[in-house]
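> My questions will all concern the structure given below.
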Amino acid sequence: MHSSPPDQNFLSHPKGLASWLFTLDHKRIGIMYLILICLAFGLGGFFALSIRLELMRSGEQFMDQDTYNKFFTLHGAVMVFLFIIPSIPATLGNFCLPLMLGAKDVAFPRLNLASWYVYVIGAAFTLFSVVTGAVDTGWTFYSPYSTQSSTSVISMTFGVFILGFSSIFTGLNFVVTIHKMRAPGMTWYQMPLFVWGTYATSVIQVLATPVLGITLLLLILEKTLGIGIFNPEMGGDPVLFQHFFWFYSHPAVYIMILPGMAIISELIAVHSHKKIFGYKLIAYSSVAIALLGFLVWGHHMFVSGQSEFSSMVFSFITFFIGIPTGIKIFNWMTTLYKGQICLTTPMLYALAFLILFTIGGLTGIFLGALGLDIHLHDTYFVVAHFHYVMMGGTVIAFLGGIHHWWPKIFGKMYSEFWGRIAFVFIFLGFNMTFFNQFMLGSQGMPRRYHDYSGLYKTDLFERYHGFSSYGAMVLGVGFLIIATYLIASLFNGKAASNNPWGGLTFEWATSSPPPTENFREEPIFKHGPYDYDKVLPENI
Amino acid sequence: MEQQGTFNLPPAASTLAPMYDQLFYFIYWLSVFFFVVITVGTIVFAVKFRKKKGEAFRLTSGFCHNTPLELFWSVIPTILMFVIFVWGFRAYMQFFVIPGNAMEVRVTAQQWKWIFEYPEGAKSDILVVPDGKPIKLLMSSRDVLHSLYIPDFRVKMDVVPNRYTSLWFQSDHKGEYDLYCTEYCGQQHSVMTTRVSVRSDTEYRKWIEENSVTPTGDVLYKRYGCNTCHTLDGSPGNGPTFKNILGRQETMSDGDVISVDENYLRESILEPKAKVVQGYEPVMPTFQGTLSPDELDSIINFIKTVK
Ligand SMILES: [Cu+2]
Ligand SMILES: [Cu+2]
């Protein structure tokens, strides 16, 4: 085995822009994704903040209806398709998965690079539509409005269609990697739970994404060739579009959250130096969630006019899927018991996840209950619910994961002090923004409203909206702090040890940052990923 | 009788509402319970088992499995979920089984207006109903998806083109309530709101009588939502302004030039896509079948006179 000299790592060698753009190294591809995904998050965040400022008071503030409609569409589309779906798998997944398996790279390094380029092309089409007048259909592109809208729906949906391939490539690559590239001696039940979560996610990416692709293609055909598929004016069925769309987009919710859960399992075990509670149940429940996730799409359509019988079945399965999720939370909480807990920045995010994601999950029960959904559907209650899941869950986990693996990726420690300060801003800002939106919604405020003046409930709505907008600013400051100290750490951060948190998985056994070939000596599987009761961590 | 709302829910002004509210508060208190258990558990563990300053890593407990505990937190939530599912389903069916004696109001949704048509033939852009009587709304859309939502009644249903959907409610509480569109439907989605007025039976009859005569064109102009796309003062909109429209020379998308007269106006309203004015999108819905012949006359008469 060829091994690089000790002073060389994957960041420092080889040098030059071309060596990055044509790299086949999963770690470099992970970083290239990370850069684009952070930019996408910034862009989506800009739209979010603008929306919040517009809604701060009743009446038009500074955006007219058309701009507002475009902004909330772009916020949704950018956050969903450019940020959150690729976020964890393409960045931390890419970086950590081969390392955790003790492998040199993913199974298909070229496909991996291709997926990055496909992402760039897809993003270009999506953003091209922003330049050419943007889209005002909502990220859901519901027909017949999307068929009729004169905005650049085609360019955007085509962009999303392309992005789907990037997602499929990554998923496929990971599935094969996990099956074929585990270190000698590592069985399925000895894989870190991050790998299990990534596996479940990849399966959904491969199976569900084509359906979105087909749906969007049909929409494009309808718009360009006038073939009636969804638009009733041409003999189509608009409810069919919703079925197709959610057949992908509900499983996509799990593409977003499962990797978050995967990170949390690592963070909690490592930072509490404790064997994870219920390993197998956590692993199985990821897979169970992934599979059951295909059978609940109709819970987005309880008041769409679908039959009551279908609604009943969808509601039932929806509750069923809640149970493995609940079990995971109890498992993570119990893992803390009798641990040796370090309240580091990543751990703070993991604990915040337990609290915020619980709120997200519990409020899902309100929405899954058929009768209640009639009242709550398409109100801010739903907005609050999925932000608690997507942001309180996935984004918080992502932040935790970034902080956790940052020393490994860049070989530098960030400022723990600023890390905690930023955490406080994020935690408070997030709750200020979204918690009151539950009340806003259960009091009746509909989604996607540019203005809420002239209603009987205007005063009530204004109180909640105003508070939300202040929260969004606090949240924004939190993200700016994070960006600042993380970037600063690259230049003046302390050098990180190989194993700063005392982890037992393979990635902590190699140097920080790792050499191009990941491990200087062939890694041998000696102990389980969470055997904190048997082995003491090394190289701290 | 004024209904009071709570911190979480608006006033329960329909006969269905109390049932939903009970379910809501059942789930609410369960959630509070589980939330407290998890939050307190997390915080207590995190503090109690914290690594002391300067303490070295040691081997920790191998506690990772406990069958009774695991059964407990799987089975109890499963039972609770089942209870909620059944409860939710029963509430849902109450909403879908429409009482046979319900009074039927036809609802037409169009970008960005609601039109209500009563059994007696009257039409209006607010929903006026008698109290103490089940009301069925039979709804359809003329263009894109909309959704009719009355928070204080806890009812909502999508309104779909080329298909009927329906919902019902009964309110025993006289008063005025908000009615919203909750399915995003384009530019003016957020102004597609109106109100529901629940009145006594006699007040309702009186109102119906007053509204049974064909209103003047300026009222119809607003009722049918022409005002959401056409202005009267010459300012731009989604459609051409009505100011000085009679006799105006207009270029069509196929290049023809037309001088606007009564027949052209009539055709534009009944078959808007037959001739599309250059520079505009063909987004105007047809009003064939919506406007009665009298209404059509009076609206054309009105448009002609806008100066
Ligand atoms: Cu869903
Ligand atoms: Cu609407």
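Lettering and numbering for the structure tokens are positional, with chains as A, B, ... in the shown order, residues counted from 1 in each chain, and ligands counted from 1 in the shown order.
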Got a sec to check which residues lie within 9 Å of ligand 1, using only C-alpha atoms and all ligand atoms, and send them as a list in words?

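I would give the residues around ligand 1 as Trp246, Phe247, Ser249, His250, Pro251, Ala252, Val253, Tyr254, Gly293, Val296, Trp297, Gly298, His299, His300 and Thr318 of chain A.
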
> Let me have all residues with an atom within 7 Å of ligand 2, counting only C-alpha atoms and all ligand atoms, laid out as a PDB file with all heavy atoms, in the first residue's frame.


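Final output, pocket_18.pdb:
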```pdb
ATOM      1  N   TRP B 112     -59.626  36.045  -8.049  1.00  0.00           N
ATOM      2  CA  TRP B 112     -59.368  35.876  -6.669  1.00  0.00           C
ATOM      3  C   TRP B 112     -60.612  36.332  -5.936  1.00  0.00           C
ATOM      4  O   TRP B 112     -60.633  37.349  -5.291  1.00  0.00           O
ATOM      5  CB  TRP B 112     -58.133  36.676  -6.290  1.00  0.00           C
ATOM      6  CG  TRP B 112     -56.923  36.089  -7.005  1.00  0.00           C
ATOM      7  CD1 TRP B 112     -56.246  34.969  -6.630  1.00  0.00           C
ATOM      8  CD2 TRP B 112     -56.272  36.553  -8.197  1.00  0.00           C
ATOM      9  NE1 TRP B 112     -55.202  34.707  -7.516  1.00  0.00           N
ATOM     10  CE2 TRP B 112     -55.204  35.661  -8.475  1.00  0.00           C
ATOM     11  CE3 TRP B 112     -56.511  37.613  -9.073  1.00  0.00           C
ATOM     12  CZ2 TRP B 112     -54.363  35.818  -9.584  1.00  0.00           C
ATOM     13  CZ3 TRP B 112     -55.667  37.760 -10.165  1.00  0.00           C
ATOM     14  CH2 TRP B 112     -54.605  36.858 -10.407  1.00  0.00           C
ATOM     15  N   HIS B 146     -58.245  26.234  -5.414  1.00  0.00           N
ATOM     16  CA  HIS B 146     -58.428  27.122  -4.268  1.00  0.00           C
ATOM     17  C   HIS B 146     -58.828  26.229  -3.104  1.00  0.00           C
ATOM     18  O   HIS B 146     -59.042  25.041  -3.273  1.00  0.00           O
ATOM     19  CB  HIS B 146     -59.536  28.142  -4.527  1.00  0.00           C
ATOM     20  CG  HIS B 146     -59.309  28.983  -5.737  1.00  0.00           C
ATOM     21  ND1 HIS B 146     -58.554  30.121  -5.719  1.00  0.00           N
ATOM     22  CD2 HIS B 146     -59.734  28.843  -7.028  1.00  0.00           C
ATOM     23  CE1 HIS B 146     -58.519  30.652  -6.930  1.00  0.00           C
ATOM     24  NE2 HIS B 146     -59.219  29.896  -7.745  1.00  0.00           N
ATOM     25  N   SER B 147     -58.954  26.830  -1.924  1.00  0.00           N
ATOM     26  CA  SER B 147     -59.435  26.046  -0.804  1.00  0.00           C
ATOM     27  C   SER B 147     -60.218  26.963   0.113  1.00  0.00           C
ATOM     28  O   SER B 147     -59.783  28.059   0.416  1.00  0.00           O
ATOM     29  CB  SER B 147     -58.251  25.426  -0.057  1.00  0.00           C
ATOM     30  OG  SER B 147     -58.716  24.510   0.903  1.00  0.00           O
ATOM     31  N   CYS B 181     -59.016  31.836   1.526  1.00  0.00           N
ATOM     32  CA  CYS B 181     -58.556  30.831   0.567  1.00  0.00           C
ATOM     33  C   CYS B 181     -57.228  30.316   1.089  1.00  0.00           C
ATOM     34  O   CYS B 181     -56.326  31.089   1.371  1.00  0.00           O
ATOM     35  CB  CYS B 181     -58.368  31.426  -0.816  1.00  0.00           C
ATOM     36  SG  CYS B 181     -57.623  30.260  -1.960  1.00  0.00           S
ATOM     37  N   THR B 182     -57.115  28.988   1.233  1.00  0.00           N
ATOM     38  CA  THR B 182     -55.863  28.458   1.782  1.00  0.00           C
ATOM     39  C   THR B 182     -55.091  27.606   0.793  1.00  0.00           C
ATOM     40  O   THR B 182     -54.151  26.931   1.182  1.00  0.00           O
ATOM     41  CB  THR B 182     -56.097  27.570   3.017  1.00  0.00           C
ATOM     42  OG1 THR B 182     -57.152  26.694   2.717  1.00  0.00           O
ATOM     43  CG2 THR B 182     -56.383  28.386   4.231  1.00  0.00           C
ATOM     44  N   GLU B 183     -55.483  27.588  -0.460  1.00  0.00           N
ATOM     45  CA  GLU B 183     -54.622  26.912  -1.422  1.00  0.00           C
ATOM     46  C   GLU B 183     -54.067  27.992  -2.318  1.00  0.00           C
ATOM     47  O   GLU B 183     -54.823  28.756  -2.922  1.00  0.00           O
ATOM     48  CB  GLU B 183     -55.407  25.884  -2.243  1.00  0.00           C
ATOM     49  CG  GLU B 183     -54.560  25.037  -3.181  1.00  0.00           C
ATOM     50  CD  GLU B 183     -53.606  24.120  -2.438  1.00  0.00           C
ATOM     51  OE1 GLU B 183     -54.046  23.063  -1.964  1.00  0.00           O
ATOM     52  OE2 GLU B 183     -52.424  24.485  -2.321  1.00  0.00           O
ATOM     53  N   TYR B 184     -52.742  28.050  -2.376  1.00  0.00           N
ATOM     54  CA  TYR B 184     -52.104  29.124  -3.121  1.00  0.00           C
ATOM     55  C   TYR B 184     -52.622  29.152  -4.561  1.00  0.00           C
ATOM     56  O   TYR B 184     -52.636  28.134  -5.246  1.00  0.00           O
ATOM     57  CB  TYR B 184     -50.592  28.929  -3.115  1.00  0.00           C
ATOM     58  CG  TYR B 184     -49.892  29.953  -3.964  1.00  0.00           C
ATOM     59  CD1 TYR B 184     -49.877  31.285  -3.579  1.00  0.00           C
ATOM     60  CD2 TYR B 184     -49.293  29.597  -5.161  1.00  0.00           C
ATOM     61  CE1 TYR B 184     -49.261  32.233  -4.366  1.00  0.00           C
ATOM     62  CE2 TYR B 184     -48.675  30.543  -5.956  1.00  0.00           C
ATOM     63  CZ  TYR B 184     -48.661  31.859  -5.543  1.00  0.00           C
ATOM     64  OH  TYR B 184     -48.071  32.801  -6.339  1.00  0.00           O
ATOM     65  N   CYS B 185     -53.085  30.332  -5.006  1.00  0.00           N
ATOM     66  CA  CYS B 185     -53.764  30.386  -6.304  1.00  0.00           C
ATOM     67  C   CYS B 185     -53.261  31.533  -7.158  1.00  0.00           C
ATOM     68  O   CYS B 185     -53.956  31.990  -8.054  1.00  0.00           O
ATOM     69  CB  CYS B 185     -55.267  30.488  -6.095  1.00  0.00           C
ATOM     70  SG  CYS B 185     -55.729  31.872  -5.056  1.00  0.00           S
ATOM     71  N   GLY B 186     -52.061  32.021  -6.860  1.00  0.00           N
ATOM     72  CA  GLY B 186     -51.501  33.048  -7.734  1.00  0.00           C
ATOM     73  C   GLY B 186     -51.446  34.411  -7.078  1.00  0.00           C
ATOM     74  O   GLY B 186     -51.588  34.544  -5.857  1.00  0.00           O
ATOM     75  N   HIS B 189     -53.688  35.740  -4.078  1.00  0.00           N
ATOM     76  CA  HIS B 189     -54.135  34.708  -3.152  1.00  0.00           C
ATOM     77  C   HIS B 189     -54.504  35.295  -1.786  1.00  0.00           C
ATOM     78  O   HIS B 189     -55.523  34.948  -1.197  1.00  0.00           O
ATOM     79  CB  HIS B 189     -53.013  33.684  -3.020  1.00  0.00           C
ATOM     80  CG  HIS B 189     -53.178  32.680  -1.942  1.00  0.00           C
ATOM     81  ND1 HIS B 189     -54.292  31.886  -1.839  1.00  0.00           N
ATOM     82  CD2 HIS B 189     -52.357  32.326  -0.915  1.00  0.00           C
ATOM     83  CE1 HIS B 189     -54.141  31.086  -0.785  1.00  0.00           C
ATOM     84  NE2 HIS B 189     -52.990  31.343  -0.215  1.00  0.00           N
ATOM     85  N   SER B 190     -53.677  36.211  -1.300  1.00  0.00           N
ATOM     86  CA  SER B 190     -53.914  36.693   0.067  1.00  0.00           C
ATOM     87  C   SER B 190     -55.073  37.679   0.174  1.00  0.00           C
ATOM     88  O   SER B 190     -55.465  38.025   1.283  1.00  0.00           O
ATOM     89  CB  SER B 190     -52.647  37.315   0.651  1.00  0.00           C
ATOM     90  OG  SER B 190     -52.229  38.387  -0.133  1.00  0.00           O
ATOM     91  N   MET B 192     -57.897  36.891  -1.392  1.00  0.00           N
ATOM     92  CA  MET B 192     -59.066  36.078  -1.698  1.00  0.00           C
ATOM     93  C   MET B 192     -59.737  35.675  -0.386  1.00  0.00           C
ATOM     94  O   MET B 192     -59.866  34.503  -0.053  1.00  0.00           O
ATOM     95  CB  MET B 192     -58.659  34.845  -2.500  1.00  0.00           C
ATOM     96  CG  MET B 192     -59.836  34.174  -3.144  1.00  0.00           C
ATOM     97  SD  MET B 192     -59.329  33.012  -4.384  1.00  0.00           S
ATOM     98  CE  MET B 192     -60.797  31.992  -4.442  1.00  0.00           C
TER      99      MET B 192
END
```

> With DSSP run on the backbone, what are the strand (DSSP E or B) residues within range 76-192 of chain B? I'd like them as a PyMOL selection string.

chain B and resi 103-110+113-117+123-124+127-130+135-141+146-150+155-159+161+165-169+175-181

> Output as a Markdown table one row per residue of chain B within 6 Å of chain A: the closest atom pair and its distance in Å to one decimal place, counting only C-alpha atoms, sorted by chain and residue number ascending.


```
| residue | atom | partner | partner_atom | distance |
| --- | --- | --- | --- | --- |
| B:Asn8 | CA | A:Met439 | CA | 5.3 |
| B:Leu9 | CA | A:Gln443 | CA | 5.1 |
| B:Pro10 | CA | A:Gln443 | CA | 5.1 |
| B:Ser31 | CA | A:Leu362 | CA | 5.8 |
| B:Thr39 | CA | A:Ile355 | CA | 5.9 |
| B:Thr42 | CA | A:Met333 | CA | 5.8 |
| B:Phe45 | CA | A:Tyr337 | CA | 5.8 |
| B:Phe49 | CA | A:Gln340 | CA | 5.6 |
| B:Arg50 | CA | A:Ile341 | CA | 4.4 |
| B:Lys51 | CA | A:Gln340 | CA | 4.9 |
| B:Leu59 | CA | A:Asp533 | CA | 4.8 |
| B:Thr60 | CA | A:Asp533 | CA | 4.9 |
| B:Ser61 | CA | A:Asp533 | CA | 5.6 |
| B:Gly62 | CA | A:Asp533 | CA | 5.1 |
| B:Cys64 | CA | A:Phe277 | CA | 4.0 |
| B:His65 | CA | A:Gly278 | CA | 5.7 |
| B:Phe85 | CA | A:Ala369 | CA | 5.8 |
| B:Gly88 | CA | A:Ala369 | CA | 4.6 |
| B:Phe89 | CA | A:Leu370 | CA | 5.4 |
| B:Ala91 | CA | A:Gly371 | CA | 4.8 |
| B:Tyr92 | CA | A:Gly371 | CA | 4.1 |
| B:Val144 | CA | A:Tyr145 | CA | 5.4 |
| B:Pro151 | CA | A:Gly444 | CA | 5.1 |
| B:Arg154 | CA | A:His375 | CA | 4.8 |
| B:Val155 | CA | A:His375 | CA | 5.9 |
| B:Lys156 | CA | A:Ile374 | CA | 5.6 |
| B:Met157 | CA | A:Val303 | CA | 5.1 |
| B:Asp158 | CA | A:Ser304 | CA | 5.1 |
| B:Thr182 | CA | A:Pro446 | CA | 5.5 |
| B:Gln187 | CA | A:Asp66 | CA | 5.8 |
| B:Ser190 | CA | A:Tyr449 | CA | 4.6 |
```

> Which residues, written as a PDB file with all heavy atoms, in the first residue's frame, have at least one atom at most 8 Å from Ile263 in chain A, with only C-alpha atoms counted and residues fewer than 4 positions away on the same chain left out?


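Result file follows (out18.pdb):
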```pdb
ATOM      1  N   PHE A 194     -24.337   6.214  11.742  1.00  0.00           N
ATOM      2  CA  PHE A 194     -24.347   7.199  10.662  1.00  0.00           C
ATOM      3  C   PHE A 194     -24.437   6.490   9.317  1.00  0.00           C
ATOM      4  O   PHE A 194     -25.131   6.923   8.404  1.00  0.00           O
ATOM      5  CB  PHE A 194     -23.073   8.059  10.726  1.00  0.00           C
ATOM      6  CG  PHE A 194     -23.020   9.128   9.659  1.00  0.00           C
ATOM      7  CD1 PHE A 194     -23.716  10.308   9.816  1.00  0.00           C
ATOM      8  CD2 PHE A 194     -22.284   8.944   8.496  1.00  0.00           C
ATOM      9  CE1 PHE A 194     -23.682  11.293   8.834  1.00  0.00           C
ATOM     10  CE2 PHE A 194     -22.245   9.926   7.513  1.00  0.00           C
ATOM     11  CZ  PHE A 194     -22.943  11.093   7.677  1.00  0.00           C
ATOM     12  N   PRO A 259     -30.651  11.504   7.487  1.00  0.00           N
ATOM     13  CA  PRO A 259     -29.236  11.818   7.716  1.00  0.00           C
ATOM     14  C   PRO A 259     -29.034  12.638   8.983  1.00  0.00           C
ATOM     15  O   PRO A 259     -28.023  12.492   9.677  1.00  0.00           O
ATOM     16  CB  PRO A 259     -28.843  12.634   6.490  1.00  0.00           C
ATOM     17  CG  PRO A 259     -29.864  12.346   5.470  1.00  0.00           C
ATOM     18  CD  PRO A 259     -31.127  12.038   6.205  1.00  0.00           C
ATOM     19  N   LEU A 267     -23.162  11.852  17.384  1.00  0.00           N
ATOM     20  CA  LEU A 267     -22.817  12.916  18.323  1.00  0.00           C
ATOM     21  C   LEU A 267     -23.110  12.491  19.753  1.00  0.00           C
ATOM     22  O   LEU A 267     -22.299  12.689  20.658  1.00  0.00           O
ATOM     23  CB  LEU A 267     -23.607  14.196  18.008  1.00  0.00           C
ATOM     24  CG  LEU A 267     -23.387  14.835  16.638  1.00  0.00           C
ATOM     25  CD1 LEU A 267     -23.935  16.238  16.616  1.00  0.00           C
ATOM     26  CD2 LEU A 267     -21.928  14.838  16.278  1.00  0.00           C
ATOM     27  N   ALA A 397     -28.932  19.286  13.302  1.00  0.00           N
ATOM     28  CA  ALA A 397     -28.039  18.130  13.251  1.00  0.00           C
ATOM     29  C   ALA A 397     -26.858  18.411  12.326  1.00  0.00           C
ATOM     30  O   ALA A 397     -25.713  18.052  12.626  1.00  0.00           O
ATOM     31  CB  ALA A 397     -28.794  16.896  12.770  1.00  0.00           C
ATOM     32  N   PHE A 398     -27.128  19.052  11.217  1.00  0.00           N
ATOM     33  CA  PHE A 398     -26.073  19.390  10.251  1.00  0.00           C
ATOM     34  C   PHE A 398     -25.045  20.295  10.930  1.00  0.00           C
ATOM     35  O   PHE A 398     -23.834  20.073  10.829  1.00  0.00           O
ATOM     36  CB  PHE A 398     -26.724  20.080   9.051  1.00  0.00           C
ATOM     37  CG  PHE A 398     -25.794  20.310   7.881  1.00  0.00           C
ATOM     38  CD1 PHE A 398     -24.847  19.370   7.515  1.00  0.00           C
ATOM     39  CD2 PHE A 398     -25.904  21.466   7.121  1.00  0.00           C
ATOM     40  CE1 PHE A 398     -24.015  19.589   6.429  1.00  0.00           C
ATOM     41  CE2 PHE A 398     -25.080  21.691   6.031  1.00  0.00           C
ATOM     42  CZ  PHE A 398     -24.128  20.752   5.695  1.00  0.00           C
ATOM     43  N   GLY A 400     -24.462  20.530  14.097  1.00  0.00           N
ATOM     44  CA  GLY A 400     -23.742  19.699  15.053  1.00  0.00           C
ATOM     45  C   GLY A 400     -22.682  18.872  14.342  1.00  0.00           C
ATOM     46  O   GLY A 400     -21.532  18.798  14.790  1.00  0.00           O
ATOM     47  N   GLY A 401     -23.067  18.281  13.215  1.00  0.00           N
ATOM     48  CA  GLY A 401     -22.142  17.437  12.454  1.00  0.00           C
ATOM     49  C   GLY A 401     -20.961  18.226  11.921  1.00  0.00           C
ATOM     50  O   GLY A 401     -19.812  17.771  11.990  1.00  0.00           O
TER      51      GLY A 401
END
```

> CA of Ser155 in chain A and CA of Thr215 in chain A, how far apart in Å?

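Spanning CA of Thr215 in chain A to CA of Ser155 in chain A is a straight-line distance of 14.7 Å.
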
> Which residue, B:Arg266, B:Arg223, B:Cys229, B:Leu246, has the smallest gap to Pro282 in chain B when you use only C-alpha atoms?

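Of the candidates, the smallest distance to Pro282 in chain B is held by B:Cys229.
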
> Using DSSP assignments from the backbone, pull out every residue in range 30-237 of chain B that falls under alpha helix (DSSP H) and give it to me as a PyMOL selection string.

chain B and resi 30-48+67-96+201-210+217-223

> Can you pull out the residues contacting Leu127 in chain A? Cut-off 10 Å, using only C-alpha atoms, and skip same-chain residues under 6 positions away; I want them as a PyMOL selection string.

chain A and resi 74+78+82+121+134+155-156+159

> One number please: CA of Val270 in chain A to CA of Lys27 in chain A, in Å, one decimal.

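Separation of CA of Val270 in chain A and CA of Lys27 in chain A: 21.6 Å.
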
> What is the distance, in Å and to one decimal place, between CA of Asn211 in chain B and CA of Trp114 in chain B?

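CA of Asn211 in chain B sits 16.3 Å away from CA of Trp114 in chain B.
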
> Please provide the set of residues having any atom within 10 Å of range 120-134 of chain B, restricted to only C-alpha atoms, with same-chain residues fewer than 4 positions apart removed, written as a ChimeraX atom specification.

/B:14-15,98-108,113-116,168-177,179,193-205,207-215,219-220,222-225

> Name all residues at most 12 Å from Val203 in chain A (count only C-alpha atoms; drop same-chain ones fewer than 6 positions away) and give them as a ChimeraX atom specification.

/A:167-176,178,196-197,209,251-252,254-255,258,286-291,293-294

> Using only C-alpha atoms for the distances, tell me which of B:Trp29, B:Ser166, B:Tyr118, B:Val37 is nearest to Val97 in chain B.

B:Ser166

> Of the candidates B:Met139, B:Val75, B:Leu291, B:Ile150, which one gets nearest to Ile269 in chain B if we count only C-alpha atoms?

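The closest residue to Ile269 in chain B is B:Leu291.
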
> Find the residue from B:Ile27, B:Leu137, B:Ile84, B:Val276 that sits nearest to Ile258 in chain B; use only C-alpha atoms when measuring.

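The shortest atom-to-atom distance to Ile258 in chain B comes from B:Val276.
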
> Show which residues sit within 12 Å of Trp188 in chain A, as an MDAnalysis selection string. Count only C-alpha atoms, and ignore same-chain residues fewer than 2 positions away.

chainID A and resid 101 178:186 190:193 195:196 199 279:280 283:284 528:529

> Of the candidates A:Ser307, A:Lys412, A:Ala77, A:Arg57, which shows the shortest atom-to-atom distance to Leu460 in chain A, using only C-alpha atoms?

A:Arg57
